[in-house]
>>> print(open('data_3.cif').read())   # mmCIF, C-alpha atoms; chains and numbers go by the auth columns
data_run
loop_
_atom_site.group_PDB
_atom_site.id
_atom_site.type_symbol
_atom_site.label_atom_id
_atom_site.label_comp_id
_atom_site.label_asym_id
_atom_site.label_seq_id
_atom_site.Cartn_x
_atom_site.Cartn_y
_atom_site.Cartn_z
_atom_site.B_iso_or_equiv
_atom_site.auth_seq_id
_atom_site.auth_asym_id
ATOM 1 C CA MET A 1 174.354 162.114 199.971 0.00 1 A
ATOM 2 C CA ASN A 2 171.830 160.139 197.967 0.00 2 A
ATOM 3 C CA ALA A 3 172.193 158.609 194.505 0.00 3 A
ATOM 4 C CA SER A 4 170.385 161.424 192.704 0.00 4 A
ATOM 5 C CA SER A 5 172.618 164.177 194.123 0.00 5 A
ATOM 6 C CA SER A 6 175.813 162.256 193.288 0.00 6 A
ATOM 7 C CA LEU A 7 174.501 161.652 189.773 0.00 7 A
ATOM 8 C CA SER A 8 173.823 165.367 189.297 0.00 8 A
ATOM 9 C CA ALA A 9 177.369 166.139 190.478 0.00 9 A
ATOM 10 C CA VAL A 10 178.731 163.853 187.788 0.00 10 A
ATOM 11 C CA ASP A 11 176.546 165.494 185.175 0.00 11 A
ATOM 12 C CA ARG A 12 177.915 168.955 186.017 0.00 12 A
ATOM 13 C CA ARG A 13 181.514 167.885 185.455 0.00 13 A
ATOM 14 C CA VAL A 14 182.808 169.755 182.435 0.00 14 A
ATOM 15 C CA THR A 15 186.420 168.556 182.212 0.00 15 A
ATOM 16 C CA PRO A 16 187.394 164.947 181.627 0.00 16 A
ATOM 17 C CA ASP A 17 188.504 162.844 184.582 0.00 17 A
ATOM 18 C CA ARG A 18 192.175 163.734 185.059 0.00 18 A
ATOM 19 C CA ARG A 19 192.953 160.271 186.451 0.00 19 A
ATOM 20 C CA ARG A 20 192.390 158.791 183.007 0.00 20 A
ATOM 21 C CA GLN A 21 195.071 160.957 181.361 0.00 21 A
ATOM 22 C CA LYS A 22 198.099 158.754 182.068 0.00 22 A
ATOM 23 C CA PHE A 23 200.599 160.477 179.764 0.00 23 A
ATOM 24 C CA ARG A 24 199.714 163.913 181.115 0.00 24 A
ATOM 25 C CA ALA A 25 200.039 162.610 184.678 0.00 25 A
ATOM 26 C CA LEU A 26 203.493 161.181 183.948 0.00 26 A
ATOM 27 C CA LEU A 27 204.688 164.351 182.231 0.00 27 A
ATOM 28 C CA PHE A 28 203.196 166.802 184.738 0.00 28 A
ATOM 29 C CA GLY A 29 204.275 164.683 187.707 0.00 29 A
ATOM 30 C CA SER A 30 207.872 164.693 186.525 0.00 30 A
ATOM 31 C CA PHE A 31 208.114 168.440 187.060 0.00 31 A
ATOM 32 C CA ARG A 32 205.769 168.877 190.034 0.00 32 A
ATOM 33 C CA PRO A 33 205.566 165.582 191.932 0.00 33 A
ATOM 34 C CA ARG A 34 202.768 165.195 194.453 0.00 34 A
ATOM 35 C CA ARG A 35 202.261 161.460 194.830 0.00 35 A
ATOM 36 C CA ARG A 36 205.340 160.192 196.674 0.00 36 A
ATOM 37 C CA TYR A 37 203.719 157.138 198.293 0.00 37 A
ATOM 38 C CA ILE A 38 200.975 154.753 197.245 0.00 38 A
ATOM 39 C CA ARG A 39 197.855 155.700 199.161 0.00 39 A
ATOM 40 C CA ARG A 40 195.704 152.686 198.339 0.00 40 A
ATOM 41 C CA GLN A 41 196.900 149.096 198.396 0.00 41 A
ATOM 42 C CA ASP A 42 194.951 148.252 195.250 0.00 42 A
ATOM 43 C CA SER A 43 196.569 151.104 193.290 0.00 43 A
ATOM 44 C CA THR A 44 199.064 149.412 190.969 0.00 44 A
ATOM 45 C CA ALA A 45 198.837 151.753 187.993 0.00 45 A
ATOM 46 C CA ILE A 46 202.027 153.237 186.610 0.00 46 A
ATOM 47 C CA THR A 47 200.709 156.711 187.362 0.00 47 A
ATOM 48 C CA ALA A 48 199.981 155.913 191.033 0.00 48 A
ATOM 49 C CA LEU A 49 203.294 157.639 191.810 0.00 49 A
ATOM 50 C CA ASP A 50 204.971 160.590 190.163 0.00 50 A
ATOM 51 C CA TRP A 51 208.036 160.757 192.403 0.00 51 A
ATOM 52 C CA HIS A 52 210.646 158.034 192.616 0.00 52 A
ATOM 53 C CA SER A 53 213.599 157.545 194.899 0.00 53 A
ATOM 54 C CA SER A 54 216.912 159.113 193.913 0.00 54 A
ATOM 55 C CA LYS A 55 218.590 155.706 194.155 0.00 55 A
ATOM 56 C CA TRP A 56 216.738 154.670 190.984 0.00 56 A
ATOM 57 C CA PHE A 57 218.067 157.767 189.232 0.00 57 A
ATOM 58 C CA ALA A 58 221.609 156.870 190.316 0.00 58 A
ATOM 59 C CA VAL A 59 221.244 153.290 189.067 0.00 59 A
ATOM 60 C CA ALA A 60 219.716 154.537 185.800 0.00 60 A
ATOM 61 C CA LEU A 61 222.610 156.953 185.314 0.00 61 A
ATOM 62 C CA LEU A 62 225.084 154.134 185.973 0.00 62 A
ATOM 63 C CA ILE A 63 223.345 151.912 183.422 0.00 63 A
ATOM 64 C CA LEU A 64 223.313 154.664 180.801 0.00 64 A
ATOM 65 C CA THR A 65 227.006 155.366 181.429 0.00 65 A
ATOM 66 C CA LEU A 66 227.841 151.673 181.092 0.00 66 A
ATOM 67 C CA SER A 67 225.718 151.531 177.947 0.00 67 A
ATOM 68 C CA LEU A 68 227.671 154.446 176.474 0.00 68 A
ATOM 69 C CA ILE A 69 230.966 152.717 177.315 0.00 69 A
ATOM 70 C CA ASP A 70 229.585 149.511 175.788 0.00 70 A
ATOM 71 C CA THR A 71 228.653 151.391 172.620 0.00 71 A
ATOM 72 C CA LEU A 72 232.108 152.929 172.265 0.00 72 A
ATOM 73 C CA LEU A 73 233.878 149.641 173.001 0.00 73 A
ATOM 74 C CA THR A 74 231.663 147.838 170.495 0.00 74 A
ATOM 75 C CA LEU A 75 232.615 150.316 167.774 0.00 75 A
ATOM 76 C CA VAL A 76 236.320 149.958 168.648 0.00 76 A
ATOM 77 C CA LEU A 77 236.058 146.159 168.642 0.00 77 A
ATOM 78 C CA LEU A 78 234.277 146.195 165.283 0.00 78 A
ATOM 79 C CA ASP A 79 237.067 148.363 163.933 0.00 79 A
ATOM 80 C CA GLN A 80 239.548 145.738 165.176 0.00 80 A
ATOM 81 C CA GLY A 81 237.748 142.962 163.280 0.00 81 A
ATOM 82 C CA ALA A 82 235.212 141.679 165.806 0.00 82 A
ATOM 83 C CA ILE A 83 231.701 140.688 164.718 0.00 83 A
ATOM 84 C CA GLU A 84 228.460 141.835 166.349 0.00 84 A
ATOM 85 C CA VAL A 85 226.408 138.770 167.335 0.00 85 A
ATOM 86 C CA ASN A 86 223.186 140.608 168.226 0.00 86 A
ATOM 87 C CA PRO A 87 221.148 140.716 164.970 0.00 87 A
ATOM 88 C CA VAL A 88 219.206 143.836 165.971 0.00 88 A
ATOM 89 C CA MET A 89 222.348 145.793 166.792 0.00 89 A
ATOM 90 C CA ARG A 90 224.059 144.404 163.676 0.00 90 A
ATOM 91 C CA TYR A 91 221.323 146.037 161.587 0.00 91 A
ATOM 92 C CA PHE A 92 221.940 149.416 163.239 0.00 92 A
ATOM 93 C CA ILE A 93 225.708 149.032 162.821 0.00 93 A
ATOM 94 C CA PHE A 94 225.252 148.579 159.082 0.00 94 A
ATOM 95 C CA GLU A 95 223.268 151.830 159.074 0.00 95 A
ATOM 96 C CA GLY A 96 226.283 153.637 160.526 0.00 96 A
ATOM 97 C CA GLY A 97 228.034 154.318 163.810 0.00 97 A
ATOM 98 C CA ARG A 98 225.902 157.329 164.695 0.00 98 A
ATOM 99 C CA VAL A 99 222.641 155.451 164.039 0.00 99 A
ATOM 100 C CA PHE A 100 223.953 152.520 166.086 0.00 100 A
ATOM 101 C CA ALA A 101 224.945 154.701 169.045 0.00 101 A
ATOM 102 C CA LEU A 102 221.722 156.718 169.082 0.00 102 A
ATOM 103 C CA SER A 103 219.477 153.673 168.724 0.00 103 A
ATOM 104 C CA LYS A 104 221.336 151.701 171.396 0.00 104 A
ATOM 105 C CA LEU A 105 221.265 154.555 173.898 0.00 105 A
ATOM 106 C CA GLY A 106 217.661 155.386 173.005 0.00 106 A
ATOM 107 C CA MET A 107 216.478 151.821 173.514 0.00 107 A
ATOM 108 C CA THR A 108 218.393 151.564 176.775 0.00 108 A
ATOM 109 C CA ALA A 109 217.000 154.869 178.057 0.00 109 A
ATOM 110 C CA GLY A 110 213.454 153.856 177.104 0.00 110 A
ATOM 111 C CA CYS A 111 213.705 150.527 178.887 0.00 111 A
ATOM 112 C CA ILE A 112 215.270 152.138 181.948 0.00 112 A
ATOM 113 C CA THR A 113 212.428 154.663 182.065 0.00 113 A
ATOM 114 C CA LEU A 114 209.858 151.867 181.964 0.00 114 A
ATOM 115 C CA LEU A 115 211.688 149.990 184.711 0.00 115 A
ATOM 116 C CA ILE A 116 211.769 153.085 186.918 0.00 116 A
ATOM 117 C CA LEU A 117 208.059 153.677 186.375 0.00 117 A
ATOM 118 C CA THR A 118 207.357 150.123 187.481 0.00 118 A
ATOM 119 C CA THR A 119 209.825 149.904 190.402 0.00 119 A
ATOM 120 C CA ARG A 120 207.047 149.502 192.962 0.00 120 A
ATOM 121 C CA SER A 121 205.002 147.011 191.002 0.00 121 A
ATOM 122 C CA ARG A 122 205.594 143.276 190.971 0.00 122 A
ATOM 123 C CA ALA A 123 207.560 141.593 188.192 0.00 123 A
ATOM 124 C CA PHE A 124 206.002 138.319 187.122 0.00 124 A
ATOM 125 C CA GLY A 125 203.533 138.695 190.010 0.00 125 A
ATOM 126 C CA ARG A 126 206.170 137.926 192.643 0.00 126 A
ATOM 127 C CA SER A 127 209.212 140.090 193.203 0.00 127 A
ATOM 128 C CA PRO A 128 209.521 143.893 193.072 0.00 128 A
ATOM 129 C CA ALA A 129 210.619 145.230 189.680 0.00 129 A
ATOM 130 C CA GLY A 130 213.140 147.649 191.223 0.00 130 A
ATOM 131 C CA PRO A 131 215.928 145.081 191.720 0.00 131 A
ATOM 132 C CA ILE A 132 215.824 144.389 187.975 0.00 132 A
ATOM 133 C CA LEU A 133 217.603 147.744 187.616 0.00 133 A
ATOM 134 C CA TYR A 134 220.436 146.477 189.820 0.00 134 A
ATOM 135 C CA LEU A 135 220.615 143.267 187.801 0.00 135 A
ATOM 136 C CA THR A 136 220.765 145.285 184.578 0.00 136 A
ATOM 137 C CA ALA A 137 223.656 147.356 185.955 0.00 137 A
ATOM 138 C CA LEU A 138 225.518 144.168 186.896 0.00 138 A
ATOM 139 C CA ILE A 139 224.963 142.694 183.437 0.00 139 A
ATOM 140 C CA TYR A 140 226.251 145.862 181.771 0.00 140 A
ATOM 141 C CA ALA A 141 229.288 145.901 184.081 0.00 141 A
ATOM 142 C CA GLY A 142 230.013 142.301 183.104 0.00 142 A
ATOM 143 C CA LEU A 143 229.580 143.130 179.424 0.00 143 A
ATOM 144 C CA VAL A 144 231.966 146.097 179.618 0.00 144 A
ATOM 145 C CA THR A 145 234.500 143.928 181.467 0.00 145 A
ATOM 146 C CA TYR A 146 234.197 141.252 178.777 0.00 146 A
ATOM 147 C CA GLU A 147 234.659 143.815 176.006 0.00 147 A
ATOM 148 C CA LEU A 148 237.755 145.210 177.701 0.00 148 A
ATOM 149 C CA TRP A 149 239.116 141.675 177.926 0.00 149 A
ATOM 150 C CA LEU A 150 238.328 141.123 174.218 0.00 150 A
ATOM 151 C CA LEU A 151 240.056 144.367 173.283 0.00 151 A
ATOM 152 C CA ASP A 152 243.129 143.342 175.245 0.00 152 A
ATOM 153 C CA ALA A 153 243.098 139.895 173.600 0.00 153 A
ATOM 154 C CA LEU A 154 242.817 141.432 170.116 0.00 154 A
ATOM 155 C CA ARG A 155 245.778 143.727 170.787 0.00 155 A
ATOM 156 C CA LEU A 156 247.959 140.788 171.828 0.00 156 A
ATOM 157 C CA THR A 157 247.380 138.938 168.559 0.00 157 A
#
>>> encode(input="data_3.cif", output="C-alpha cells")
Amino acid sequence: MNASSSLSAVDRRVTPDRRRQKFRALLFGSFRPRRRYIRRQDSTAITALDWHSSKWFAVALLILTLSLIDTLLTLVLLDQGAIEVNPVMRYFIFEGGRVFALSKLGMTAGCITLLILTTRSRAFGRSPAGPILYLTALIYAGLVTYELWLLDALRLT
C-alpha cells in the first residue's frame, strides 16, 4: 500500500477516531469489556483496558465499606464531643451530616475509581499503582480501629 492510497483511506473516514473518545471508551467498556490485556507495551493510556480484575472490585468494596463505617463513627464521635481535625471534612460537617456523608463517600468512590483505572500503570514511575488500593484499605482499617478506641475511651470518661 503506497502513501497516496493510505491518504485516500483517511480522507474517506466519516466518523471521528474512536480511540480519541476516552470517556465513551470508559463508559462503553464498563458494560461490554473487550480489552482485558494490554496488547502493546507502549500503551499506558487509562483506556488501554476496559476490564479489570475482580480482586480490585473486592478491595474497592472493602474500602467503601470501611469509609461508610468511618463516616458513621465520625458522626457518633462528634456527637460525643470530639472535634474533626481535617479542615475539608470539617467544612462538610458544618453543612450537615447528610452533606458530610455524601461528600465523603463520593470523594472516596471517585478516588477509588481513579485508582482502579490506573492499577496497571506505574505510580511515581516505579511501582504498580494497584497496591495503593491495598494500602488505602489498611489505612482505613487502622482509622476505624482508632475511632473505635476513641469511642470506647469517651464512654469510660
>>> atom_distance(input="data_3.cif", atom1="CA of Pro131 (chain A)", atom2="CA of Leu102 (chain A)")
26.1 Å
>>> resolve_selection(input="data_3.cif", expression="the PyMOL selection byres ((chain A and resi 82) around 12)", output="list in words")
Leu73, Thr74, Leu75, Val76, Leu77, Leu78, Asp79, Gln80, Gly81, Ile83, Glu84, Val85, Arg90, Glu147, Leu150, Leu151, Ala153, Leu154 and Arg155 of chain A
>>> atom_distance(input="data_3.cif", atom1="CA of Asp152 (chain A)", atom2="CA of Leu72 (chain A)")
14.9 Å
>>> atom_distance(input="data_3.cif", atom1="CA of Phe94 (chain A)", atom2="CA of Thr136 (chain A)")
26.1 Å
>>> resolve_selection(input="data_3.cif", expression="the PyMOL selection byres ((chain A and resi 103) around 12)", output="list in words")
Ser67, Leu68, Thr71, Val88, Met89, Arg90, Tyr91, Phe92, Ile93, Glu95, Gly96, Gly97, Arg98, Val99, Phe100, Ala101, Leu102, Lys104, Leu105, Gly106, Met107, Thr108, Ala109 and Gly110 of chain A
>>> build_atoms(input="data_3.cif", residues="region 126-154 of chain A", atoms="N, CA and C atoms", output="short mmCIF file (atom, residue, chain, number, x, y, z; two decimals), in the coordinates of the input")
data_model
loop_
_atom_site.label_atom_id
_atom_site.label_comp_id
_atom_site.auth_asym_id
_atom_site.auth_seq_id
_atom_site.Cartn_x
_atom_site.Cartn_y
_atom_site.Cartn_z
N ARG A 126 205.51 138.38 191.43
CA ARG A 126 206.17 137.93 192.64
C ARG A 126 207.09 138.97 193.26
N SER A 127 208.18 139.24 192.60
CA SER A 127 209.21 140.09 193.20
C SER A 127 209.10 141.53 192.71
N PRO A 128 209.57 142.49 193.51
CA PRO A 128 209.52 143.89 193.07
C PRO A 128 210.37 144.10 191.81
N ALA A 129 209.91 144.98 190.94
CA ALA A 129 210.62 145.23 189.68
C ALA A 129 211.87 146.07 189.87
N GLY A 130 211.98 146.79 190.97
CA GLY A 130 213.14 147.65 191.22
C GLY A 130 214.48 146.94 191.15
N PRO A 131 214.64 145.77 191.79
CA PRO A 131 215.93 145.08 191.72
C PRO A 131 216.36 144.68 190.31
N ILE A 132 215.44 144.68 189.37
CA ILE A 132 215.82 144.39 187.98
C ILE A 132 216.80 145.46 187.48
N LEU A 133 216.66 146.69 187.98
CA LEU A 133 217.60 147.74 187.62
C LEU A 133 219.01 147.40 188.09
N TYR A 134 219.12 146.89 189.31
CA TYR A 134 220.44 146.48 189.82
C TYR A 134 221.01 145.34 188.98
N LEU A 135 220.17 144.39 188.63
CA LEU A 135 220.62 143.27 187.80
C LEU A 135 221.08 143.76 186.44
N THR A 136 220.37 144.72 185.86
CA THR A 136 220.76 145.28 184.58
C THR A 136 222.12 145.97 184.67
N ALA A 137 222.36 146.70 185.76
CA ALA A 137 223.66 147.36 185.96
C ALA A 137 224.77 146.32 186.07
N LEU A 138 224.52 145.23 186.77
CA LEU A 138 225.52 144.17 186.90
C LEU A 138 225.81 143.51 185.55
N ILE A 139 224.77 143.29 184.76
CA ILE A 139 224.96 142.69 183.44
C ILE A 139 225.79 143.62 182.55
N TYR A 140 225.47 144.90 182.57
CA TYR A 140 226.25 145.86 181.77
C TYR A 140 227.70 145.93 182.25
N ALA A 141 227.92 145.88 183.56
CA ALA A 141 229.29 145.90 184.08
C ALA A 141 230.05 144.66 183.61
N GLY A 142 229.39 143.52 183.62
CA GLY A 142 230.01 142.30 183.10
C GLY A 142 230.31 142.39 181.62
N LEU A 143 229.39 142.98 180.87
CA LEU A 143 229.58 143.13 179.42
C LEU A 143 230.76 144.05 179.12
N VAL A 144 230.85 145.16 179.82
CA VAL A 144 231.97 146.10 179.62
C VAL A 144 233.29 145.42 179.99
N THR A 145 233.29 144.66 181.07
CA THR A 145 234.50 143.93 181.47
C THR A 145 234.91 142.93 180.39
N TYR A 146 233.93 142.21 179.85
CA TYR A 146 234.20 141.25 178.78
C TYR A 146 234.75 141.95 177.53
N GLU A 147 234.18 143.08 177.18
CA GLU A 147 234.66 143.82 176.01
C GLU A 147 236.08 144.35 176.21
N LEU A 148 236.38 144.78 177.42
CA LEU A 148 237.76 145.21 177.70
C LEU A 148 238.72 144.03 177.59
N TRP A 149 238.29 142.88 178.06
CA TRP A 149 239.12 141.68 177.93
C TRP A 149 239.32 141.31 176.45
N LEU A 150 238.23 141.40 175.66
CA LEU A 150 238.33 141.12 174.22
C LEU A 150 239.28 142.10 173.53
N LEU A 151 239.19 143.35 173.88
CA LEU A 151 240.06 144.37 173.28
C LEU A 151 241.51 144.09 173.62
N ASP A 152 241.77 143.69 174.84
CA ASP A 152 243.13 143.34 175.24
C ASP A 152 243.60 142.10 174.49
N ALA A 153 242.73 141.12 174.32
CA ALA A 153 243.10 139.90 173.60
C ALA A 153 243.36 140.19 172.12
N LEU A 154 242.62 141.08 171.52
CA LEU A 154 242.82 141.43 170.12
C LEU A 154 244.14 142.19 169.92
#
